[in-house]
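Novice: Provided below: my_file14.cif, containing mmCIF, C-alpha atoms.
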```cif
data_upload
loop_
_atom_site.label_atom_id
_atom_site.label_comp_id
_atom_site.auth_asym_id
_atom_site.auth_seq_id
_atom_site.Cartn_x
_atom_site.Cartn_y
_atom_site.Cartn_z
CA MET H 1 -53.54 65.72 5.84
CA TYR H 2 -51.11 68.50 5.01
CA THR H 3 -52.83 70.98 7.32
CA GLN H 4 -52.84 68.39 10.10
CA SER H 5 -49.12 67.81 9.59
CA ILE H 6 -48.53 71.52 10.27
CA HIS H 7 -50.70 71.35 13.39
CA LEU H 8 -48.54 68.45 14.55
CA GLY H 9 -45.33 70.44 14.19
CA GLY H 10 -44.36 69.93 10.55
CA HIS H 11 -42.68 72.69 8.58
CA LYS H 12 -42.60 71.38 5.01
CA THR H 13 -44.15 73.34 2.18
CA PHE H 14 -47.06 71.65 0.44
CA ASP H 15 -44.92 70.67 -2.55
CA GLU H 16 -42.28 69.18 -0.23
CA PHE H 17 -44.98 67.29 1.65
CA ILE H 18 -46.43 65.83 -1.56
CA SER H 19 -43.04 64.83 -2.96
CA ASP H 20 -42.15 62.97 0.26
CA PHE H 21 -45.58 61.44 0.79
CA ASN H 22 -45.90 57.65 0.58
CA GLU H 23 -48.60 57.24 -2.05
CA ASP H 24 -49.15 53.60 -1.11
CA ALA H 25 -51.36 54.96 1.66
CA PHE H 26 -53.93 55.90 -1.01
CA HIS H 27 -53.95 52.54 -2.80
CA TRP H 28 -56.99 51.19 -0.98
CA ASP H 29 -56.91 47.86 -2.81
CA LYS H 30 -53.58 46.98 -1.17
CA LEU H 31 -54.92 47.86 2.27
CA LEU H 32 -58.10 45.85 1.78
CA ASN H 33 -56.19 42.89 0.37
CA SER H 34 -54.04 42.81 3.49
CA TYR H 35 -57.16 42.80 5.69
CA ALA H 36 -58.81 40.16 3.51
CA GLY H 37 -55.74 37.96 3.86
CA VAL H 38 -56.20 37.95 7.63
CA PHE H 39 -59.96 38.18 8.18
CA GLY H 40 -61.36 37.00 4.84
CA LYS H 41 -62.96 39.24 2.25
CA GLU H 42 -66.45 38.12 3.27
CA ASN H 43 -65.85 39.55 6.75
CA ILE H 44 -64.92 43.05 5.57
CA ILE H 45 -67.44 45.89 5.32
CA VAL H 46 -66.13 48.70 3.13
CA LYS H 47 -67.45 52.23 3.51
CA ARG H 48 -66.35 55.36 1.69
CA TYR H 49 -64.88 58.20 3.73
CA HIS H 50 -66.07 61.29 1.86
CA LYS H 51 -68.17 64.29 2.81
CA SER H 52 -70.83 63.23 0.29
CA PHE H 53 -71.47 60.11 2.36
CA LEU H 54 -70.71 61.60 5.77
CA PRO H 55 -72.32 65.05 5.60
CA GLU H 56 -72.74 65.63 9.36
CA ASN H 57 -70.30 65.78 12.28
CA ASP H 58 -71.81 62.60 13.72
CA SER H 59 -72.18 60.68 10.44
CA LEU H 60 -69.14 58.45 10.93
CA ILE H 61 -70.21 57.30 14.40
CA LYS H 62 -73.79 56.75 13.24
CA GLU H 63 -72.47 54.69 10.33
CA PHE H 64 -70.64 52.44 12.78
CA GLY H 65 -73.86 52.25 14.77
CA THR H 66 -75.74 50.99 11.73
CA ILE H 67 -73.12 48.32 11.08
CA LEU H 68 -73.10 47.20 14.72
CA ASN H 69 -76.87 47.63 15.11
CA SER H 70 -76.25 49.92 18.08
CA ASN H 71 -79.08 52.31 18.90
CA VAL H 72 -76.73 54.32 21.11
CA LEU H 73 -74.29 55.00 18.27
CA MET H 74 -77.02 55.49 15.67
CA SER H 75 -78.56 58.26 17.77
CA PHE H 76 -75.24 59.85 18.76
CA ASN H 77 -75.19 63.64 18.29
CA LYS H 78 -72.49 65.00 20.55
CA THR H 79 -69.48 65.26 18.28
CA ASN H 80 -67.53 68.39 19.10
CA PRO H 81 -64.69 69.12 16.65
CA ARG H 82 -61.63 70.01 18.72
CA ASN H 83 -59.36 71.43 16.06
CA ARG H 84 -60.67 74.72 14.78
CA GLY H 85 -59.16 75.74 11.49
CA ILE H 86 -56.93 78.79 11.19
CA SER H 87 -56.55 81.23 8.33
CA ARG H 88 -54.17 80.48 5.47
CA ASP H 89 -51.76 83.19 6.57
CA ALA H 90 -51.83 81.95 10.17
CA LEU H 91 -51.12 78.44 8.92
CA GLU H 92 -48.11 79.68 6.97
CA ILE H 93 -46.77 81.53 10.02
CA THR H 94 -47.25 78.33 12.01
CA ARG H 95 -45.39 76.30 9.38
CA ILE H 96 -42.41 78.66 9.39
CA THR H 97 -42.17 78.97 13.17
CA ASN H 98 -42.65 75.26 13.91
CA GLN H 99 -38.98 74.57 13.22
CA TYR H 100 -37.94 77.10 15.87
CA LEU H 101 -40.45 76.34 18.65
CA ASN H 102 -40.71 73.39 20.99
CA SER H 103 -43.90 71.32 21.03
CA GLU H 104 -45.39 73.22 23.98
CA ASP H 105 -44.86 76.61 22.34
CA GLN H 106 -46.23 75.26 19.04
CA TYR H 107 -49.41 74.25 20.84
CA LEU H 108 -49.70 77.64 22.55
CA LEU H 109 -49.25 79.51 19.27
CA ARG H 110 -51.83 77.33 17.53
CA SER H 111 -54.29 77.92 20.39
CA ILE H 112 -53.81 81.68 20.08
CA PHE H 113 -54.33 81.57 16.32
CA GLN H 114 -57.46 79.46 16.74
CA GLU H 115 -58.92 82.31 18.79
CA SER H 116 -57.55 85.28 16.89
CA ASN H 117 -57.12 84.03 13.32
CA ALA H 118 -59.67 81.26 12.92
CA LYS H 119 -61.10 80.41 9.52
CA GLN H 120 -64.28 82.28 8.81
CA PRO H 121 -67.57 80.38 8.43
CA PHE H 122 -67.66 78.64 5.03
CA GLU H 123 -64.06 79.71 4.36
CA SER H 124 -62.01 77.03 2.66
CA TYR H 125 -58.74 76.89 0.83
CA ALA H 126 -57.34 74.24 -1.47
CA TYR H 127 -53.69 73.46 -2.11
CA MET H 128 -54.21 72.29 -5.69
CA ASP H 129 -56.12 73.72 -8.60
CA SER H 130 -58.63 71.40 -10.29
CA GLU H 131 -56.27 70.30 -13.06
CA ARG H 132 -53.44 69.41 -10.72
CA ARG H 133 -55.82 67.60 -8.39
CA LYS H 134 -57.32 65.60 -11.26
CA SER H 135 -53.83 64.62 -12.39
CA TYR H 136 -52.88 63.54 -8.88
CA LEU H 137 -56.07 61.54 -8.29
CA LYS H 138 -55.67 59.83 -11.65
CA ARG H 139 -52.71 57.93 -10.19
CA PHE H 140 -55.15 56.03 -7.97
CA SER H 141 -57.94 55.45 -10.49
CA LYS H 142 -56.90 51.84 -11.15
CA SER H 143 -56.75 51.06 -7.43
CA ASN H 144 -60.14 52.72 -6.87
CA ALA H 145 -61.65 50.76 -9.75
CA LEU H 146 -60.41 47.49 -8.24
CA VAL H 147 -62.01 48.35 -4.89
CA SER H 148 -65.21 49.46 -6.58
CA ASN H 149 -65.54 46.22 -8.54
CA ALA H 150 -64.51 43.97 -5.67
CA TYR H 151 -66.67 45.47 -2.92
CA PHE H 152 -69.43 47.46 -4.59
CA GLY H 153 -69.95 45.68 -7.91
CA ASP H 154 -72.38 47.49 -10.19
CA ALA H 155 -73.87 49.47 -7.31
CA ILE H 156 -71.66 52.50 -8.01
CA GLU H 157 -69.93 53.91 -11.07
CA LYS H 158 -66.91 55.39 -9.27
CA LEU H 159 -65.51 54.93 -5.79
CA PHE H 160 -65.50 58.67 -5.03
CA PRO H 161 -67.47 61.50 -6.67
CA GLU H 162 -65.59 64.04 -8.73
CA ASP H 163 -68.19 66.80 -8.95
CA ASP H 164 -66.57 68.82 -6.17
CA ILE H 165 -63.25 69.05 -8.01
CA GLU H 166 -64.57 71.45 -10.63
CA HIS H 167 -66.31 73.72 -8.15
CA GLN H 168 -63.60 74.31 -5.58
CA ASN H 169 -62.89 77.92 -4.76
CA TYR H 170 -59.19 77.61 -5.47
CA LEU H 171 -57.16 80.76 -5.02
CA PRO H 172 -53.39 80.59 -5.52
CA TYR H 173 -51.52 81.39 -2.33
CA ASN H 174 -48.64 83.74 -3.00
CA GLY H 175 -47.07 83.51 0.43
CA LEU H 176 -46.91 85.86 3.38
CA THR H 177 -46.70 89.59 2.97
CA SER H 178 -45.43 91.99 5.61
CA ASP H 179 -48.98 93.33 5.97
CA ALA H 180 -50.33 89.82 6.58
CA VAL H 181 -47.70 89.12 9.24
CA ALA H 182 -48.40 92.43 10.97
CA LEU H 183 -52.16 91.85 10.88
CA ASN H 184 -52.00 88.29 12.22
CA LEU H 185 -49.60 89.12 15.02
CA SER H 186 -51.55 92.27 15.96
CA LYS H 187 -54.79 90.30 16.19
CA SER H 188 -53.02 87.74 18.37
CA ILE H 189 -51.67 90.41 20.72
CA VAL H 190 -55.11 92.03 21.01
CA THR H 191 -56.70 88.63 21.68
CA LEU H 192 -54.17 87.87 24.43
CA HIS H 193 -54.70 91.30 25.97
CA LYS H 194 -58.48 90.79 26.07
CA LYS H 195 -58.02 87.34 27.57
CA LEU H 196 -55.70 88.65 30.27
CA LYS H 197 -58.11 91.51 30.98
CA ARG H 198 -60.96 89.03 31.49
CA LEU H 199 -58.80 86.97 33.83
CA GLU H 200 -57.80 90.08 35.76
CA ASP H 201 -61.43 91.20 36.06
CA ASN H 202 -62.48 87.75 37.26
CA LEU H 203 -59.66 87.73 39.80
CA GLN H 204 -60.62 91.18 41.09
CA HIS H 205 -64.22 90.03 41.34
CA GLU H 206 -63.21 86.97 43.37
CA ILE H 207 -60.99 89.10 45.63
CA LYS H 208 -63.87 91.50 46.18
CA LYS H 209 -66.24 88.64 47.02
CA THR H 210 -63.65 87.21 49.42
CA GLY H 211 -63.29 90.60 51.10
CA ILE H 212 -67.05 90.94 51.50
CA ARG H 213 -67.30 87.45 52.99
CA TYR H 214 -64.48 88.29 55.40
CA LYS H 215 -66.23 91.48 56.52
CA ILE H 216 -69.52 89.63 57.04
CA LYS H 217 -67.77 86.88 58.98
CA LYS H 218 -65.99 89.45 61.14
CA ALA H 219 -69.23 91.35 61.82
CA LEU H 220 -71.05 88.14 62.79
CA SER H 221 -68.19 87.20 65.08
CA ARG H 222 -68.50 90.55 66.86
CA LEU H 223 -72.26 90.12 67.25
CA ILE H 224 -71.84 86.65 68.71
CA LYS H 225 -69.17 87.80 71.13
CA GLY H 226 -71.17 90.87 72.03
#
```
Rewrite the structure from the file as structure tokens, please.

Specialist:
Amino acid sequence: MYTQSIHLGGHKTFDEFISDFNEDAFHWDKLLNSYAGVFGKENIIVKRYHKSFLPENDSLIKEFGTILNSNVLMSFNKTNPRNRGISRDALEITRITNQYLNSEDQYLLRSIFQESNAKQPFESYAYMDSERRKSYLKRFSKSNALVSNAYFGDAIEKLFPEDDIEHQNYLPYNGLTSDAVALNLSKSIVTLHKKLKRLEDNLQHEIKKTGIRYKIKKALSRLIKG
């Protein structure tokens, strides 16, 4: 959610984001109670949104397909993630510059970073160490227990698994360095140069093809007239 807020133009630090965040959004029992009050608890199907239960790109759509008994959705396999992640340094540059750029320029910068400073395969970064994350999640343990008991009964022990908390590759982020800024901007400039070069080459190729077609057309015209 924090990363997405930066992609959408936010410029708060993570600690500022957390301190201003409305934690009611994570009290799932309140949300479900509001739905139950309108539709009736018996008409609600509760599913857990977690990578352990949705391991593939298409898992969420297929899950809906199972609920709706839709063969089309259950066999869906065309999900194409649109937002490629960017490196931690690129994200920090984006956060800082968001407050100075308009929405169009923010989008352009993000697009450049997605090409030049994308996250590497299997690269991940966390904003909390395991102890801080445990402490934060503990605030919602009562709410999660209520949902677990009300909608899953004895079928599960906990609403969400905790095994991934201990094994996160958490590395403290110490902020941007001058070397990191220089590297990220240099990679962006090189990427733009290569992109412009490809466009120029394509344009020259099209011009050349157009010239050849013109010469052929002119030669045929002479033959016909002759």

Novice: Report as an NGL selection string all protein, DNA and RNA residues lying within 9 Å of Thr13 (chain H), evaluated on all atoms listed in the file, omitting residues in the same chain fewer than 6 positions from it.

Specialist: :H and (2 or 92 or 95)

Novice: Using all atoms listed in the file, determine which residues lie at most 12 Å from Tyr136 (chain H), disregarding the query and same-chain residues fewer than 3 positions distant; provide the list as a list in words.

Specialist: Ile18, Ser19, Glu23, Phe26, Met128, Asp129, Ser130, Glu131, Arg132, Arg133, Arg139, Phe140, Ser141 and Ile165 of chain H

Novice: Quick one: of H:Glu16, H:Glu42, H:Ile6, H:Leu183, who's nearest to Ala150 (chain H), counting only C-alpha atoms?

Specialist: H:Glu42

Novice: For the file shown, report as a compact mmCIF listing (two decimals) with C-alpha atoms, in the frame of the given file the outcome of the PyMOL selection byres ((chain H and resi 48) around 12) at residue level.

Specialist:
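Final output, out_30.txt:
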```txt
# COMPACT_ATOMS: atom_id res chain seq x y z
CA TRP H 28 -56.99 51.19 -0.98
CA ILE H 45 -67.44 45.89 5.32
CA VAL H 46 -66.13 48.70 3.13
CA LYS H 47 -67.45 52.23 3.51
CA TYR H 49 -64.88 58.20 3.73
CA HIS H 50 -66.07 61.29 1.86
CA LYS H 51 -68.17 64.29 2.81
CA SER H 52 -70.83 63.23 0.29
CA PHE H 53 -71.47 60.11 2.36
CA LEU H 54 -70.71 61.60 5.77
CA SER H 59 -72.18 60.68 10.44
CA LEU H 60 -69.14 58.45 10.93
CA GLU H 63 -72.47 54.69 10.33
CA ASN H 144 -60.14 52.72 -6.87
CA VAL H 147 -62.01 48.35 -4.89
CA SER H 148 -65.21 49.46 -6.58
CA TYR H 151 -66.67 45.47 -2.92
CA PHE H 152 -69.43 47.46 -4.59
CA ILE H 156 -71.66 52.50 -8.01
CA LYS H 158 -66.91 55.39 -9.27
CA LEU H 159 -65.51 54.93 -5.79
CA PHE H 160 -65.50 58.67 -5.03
CA PRO H 161 -67.47 61.50 -6.67
```

Novice: Which residue is closest to Asn149 (chain H)? Choose from H:Ala180, H:Asp29, H:Ser135, H:Lys194 and count only C-alpha atoms.

Specialist: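 Among the listed residues, the smallest separation from Asn149 (chain H) belongs to H:Asp29.
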
Novice: List, as a list in words, every residue that the PyMOL selection byres ((chain H and resi 107) around 12) selects in the file provided.

Specialist: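 Evaluating the PyMOL selection byres ((chain H and resi 107) around 12) on these coordinates yields Ile6, His7, Leu8, Gly9, Asn83, Thr94, Thr97, Asn98, Leu101, Asn102, Ser103, Glu104, Asp105, Gln106, Leu108, Leu109, Arg110, Ser111, Ile112, Phe113 and Gln114 of chain H.
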
Novice: Go ahead and dump the residues you just picked, C-alpha atoms, as a short mmCIF file (atom, residue, chain, number, x, y, z; two decimals), in the coordinates of the input.

Specialist:
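Result file out_27.cif:
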```
data_model
loop_
_atom_site.label_atom_id
_atom_site.label_comp_id
_atom_site.auth_asym_id
_atom_site.auth_seq_id
_atom_site.Cartn_x
_atom_site.Cartn_y
_atom_site.Cartn_z
CA ILE H 6 -48.53 71.52 10.27
CA HIS H 7 -50.70 71.35 13.39
CA LEU H 8 -48.54 68.45 14.55
CA GLY H 9 -45.33 70.44 14.19
CA ASN H 83 -59.36 71.43 16.06
CA THR H 94 -47.25 78.33 12.01
CA THR H 97 -42.17 78.97 13.17
CA ASN H 98 -42.65 75.26 13.91
CA LEU H 101 -40.45 76.34 18.65
CA ASN H 102 -40.71 73.39 20.99
CA SER H 103 -43.90 71.32 21.03
CA GLU H 104 -45.39 73.22 23.98
CA ASP H 105 -44.86 76.61 22.34
CA GLN H 106 -46.23 75.26 19.04
CA LEU H 108 -49.70 77.64 22.55
CA LEU H 109 -49.25 79.51 19.27
CA ARG H 110 -51.83 77.33 17.53
CA SER H 111 -54.29 77.92 20.39
CA ILE H 112 -53.81 81.68 20.08
CA PHE H 113 -54.33 81.57 16.32
CA GLN H 114 -57.46 79.46 16.74
#
```

Novice: Mind pulling up the distance from CA of Lys195 (chain H) to CA of Asp179 (chain H)?

Specialist: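 Computing the Euclidean distance for CA of Asp179 (chain H) and CA of Lys195 (chain H) yields 24.2 Å.
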
Novice: Would you mind reading off the distance between CA of Ile61 (chain H) and CA of Ser75 (chain H), one decimal, in Å?

Specialist: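 Separation between CA of Ile61 (chain H) and CA of Ser75 (chain H): 9.1 Å.
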
Novice: Suppose you want the space between CA of His205 (chain H) and CA of Lys217 (chain H); what is it in Å?

Specialist: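 Separation between CA of His205 (chain H) and CA of Lys217 (chain H): 18.3 Å.
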
Novice: On this file, the PyMOL selection byres ((chain H and resi 62) around 9) gives some set of residues; write that set as a list in words.

Specialist: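 In the shown coordinates, the PyMOL selection byres ((chain H and resi 62) around 9) covers Asp58, Ser59, Leu60, Ile61, Glu63, Phe64, Gly65, Thr66, Ile67, Ser70, Asn71, Val72, Leu73, Met74, Ser75, Phe76 and Asn77 of chain H.
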
Novice: Write the residues you've just listed into a file as a compact mmCIF listing (two decimals), keeping the file's coordinate frame, and include C-alpha atoms for each of them.

Specialist:
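Result file is selection.txt:
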```txt
# COMPACT_ATOMS: atom_id res chain seq x y z
CA ASP H 58 -71.81 62.60 13.72
CA SER H 59 -72.18 60.68 10.44
CA LEU H 60 -69.14 58.45 10.93
CA ILE H 61 -70.21 57.30 14.40
CA GLU H 63 -72.47 54.69 10.33
CA PHE H 64 -70.64 52.44 12.78
CA GLY H 65 -73.86 52.25 14.77
CA THR H 66 -75.74 50.99 11.73
CA ILE H 67 -73.12 48.32 11.08
CA SER H 70 -76.25 49.92 18.08
CA ASN H 71 -79.08 52.31 18.90
CA VAL H 72 -76.73 54.32 21.11
CA LEU H 73 -74.29 55.00 18.27
CA MET H 74 -77.02 55.49 15.67
CA SER H 75 -78.56 58.26 17.77
CA PHE H 76 -75.24 59.85 18.76
CA ASN H 77 -75.19 63.64 18.29
```

Novice: Hey, which of H:Leu203, H:Leu176, H:Leu196, H:Ile216 ends up closest to Ile96 (chain H)? Count all atoms listed in the file.

Specialist: H:Leu176

Novice: Check the smallest atom-to-atom distance from each of H:Tyr100, H:Thr3, H:Ser221, H:Asn33 to Ser87 (chain H) using all atoms listed in the file, then report the winner.

Specialist: H:Thr3

Novice: Compare H:Lys30, H:Arg88, H:Tyr127, H:Lys41 by their minimum atom-to-atom distance to Phe17 (chain H), counting only C-alpha atoms, and give me the closest one.

Specialist: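 That would be H:Tyr127, the residue with the smallest distance to Phe17 (chain H).
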
Novice: If the box runs along x, y and z of the file and leaves 8 Å on each side of region 107-122 of chain H, what are its centre and edge lengths in Å, one decimal, as AutoDock Vina command-line options?

Specialist:
```
--center_x -58.5 --center_y 79.8 --center_z 13.8 --size_x 34.4 --size_y 27.0 --size_z 33.5
```
